[in-house]
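*Asks:* Have a look at this one.
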Amino acid sequence: MIEFHLDARSGVAPYMQLIHQVRQALRLGLLAEGDRLPTVKDVAASVAINPNTVLKAYRELEYEGLVAKKPGVGTFVSGTLSDDSLSEHEPLRQELRLWLDRARAAGLGEESIEALFLSTFRAARTGTDPHTEEEK
């Protein structure tokens, strides 16, 4: 079962963070059709937010066709976002773990690692140099 977490510093609305986490879990194959999501009450208690915020996220996921409510039973995954690349995830995850270990050993903190990863990811996606933001 998925465990939600919120990052108050992200600037992303809490309900959107929940939606992103469900989508990510679906893409990574961590959630599959038929899996039950935590109850609204449990999520609200675990991440200390208003239950209406959780309901909003679950409604959006339902609208997207990714989950379905079963009255009196719960909310269940009804769609998927994973693809044929799931078999490639584990070797890449292992390489990324090694990179993270090297970054920590080099003295980088969590925020520095995240900033380095995100700037490099964005630069690769847009074809820019992360140091200058100019196109290569």
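Labels used: A, B, ... for chains in the order of the structure tokens, numbers from 1 for residues in each chain, and numbers from 1 for ligands as shown.
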Where does DSSP see helix (DSSP H, G or I) in segment 8-116 of chain A, if you list the residues as a count of residues only?

*Replies:* 62

*Asks:* Taking 3 positions as the minimum chain separation for residues in the same chain, which residues sit within 8 Å of Ala32 of chain A when counting only C-alpha atoms? Answer as a list in words.

*Replies:*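 The residues satisfying every condition are Leu26, Gly29, Asp35, Val77, Gly79 and Thr80 of chain A.
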
*Asks:* Counting only C-alpha atoms, which of A:Leu118, A:Ala8, A:Leu28, A:Ile2 gets nearest to Glu88 of chain A?

*Replies:*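 Smallest separation from Glu88 of chain A among the options: A:Leu28.
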
*Asks:* Can you list, as a PyMOL selection string, every protein, DNA or RNA residue that comes within 10 Å of Val43 of chain A when you count only C-alpha atoms, leaving out same-chain residues fewer than 2 positions away?

*Replies:* chain A and resi 2-5+18+37-41+45-51+53-55

*Asks:* For Leu6 of chain A, which residue out of A:Leu92, A:Ala44, A:Leu30, A:Ala115 is the nearest one, using only C-alpha atoms?

*Replies:*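 Smallest distance to Leu6 of chain A is found for A:Ala44.
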
*Asks:* Of the candidates A:Leu100, A:Asp42, A:Ile19, A:Ile113, which one gets nearest to Val67 of chain A if we count only C-alpha atoms?

*Replies:*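 Once distances to Val67 of chain A are computed over only C-alpha atoms, the minimum belongs to A:Ile19.
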
*Asks:* Nearest to Val22 of chain A among A:Arg125, A:Arg36, A:Arg97, A:Arg104, with distances taken over only C-alpha atoms: which residue is it?

*Replies:* A:Arg36

*Asks:* Hey, which of A:Asp129, A:Phe117, A:Tyr58, A:Pro71 ends up closest to Leu96 of chain A? Count only C-alpha atoms.

*Replies:*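 Selected residue with least distance to Leu96 of chain A: A:Phe117.
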
*Asks:* May I ask for the distance between atom CA of Gly34 of chain A and atom CA of Leu66 of chain A, given in Å to one decimal place?

*Replies:*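 Taking atom CA of Gly34 of chain A as the start and atom CA of Leu66 of chain A as the end point, the length is 10.6 Å.
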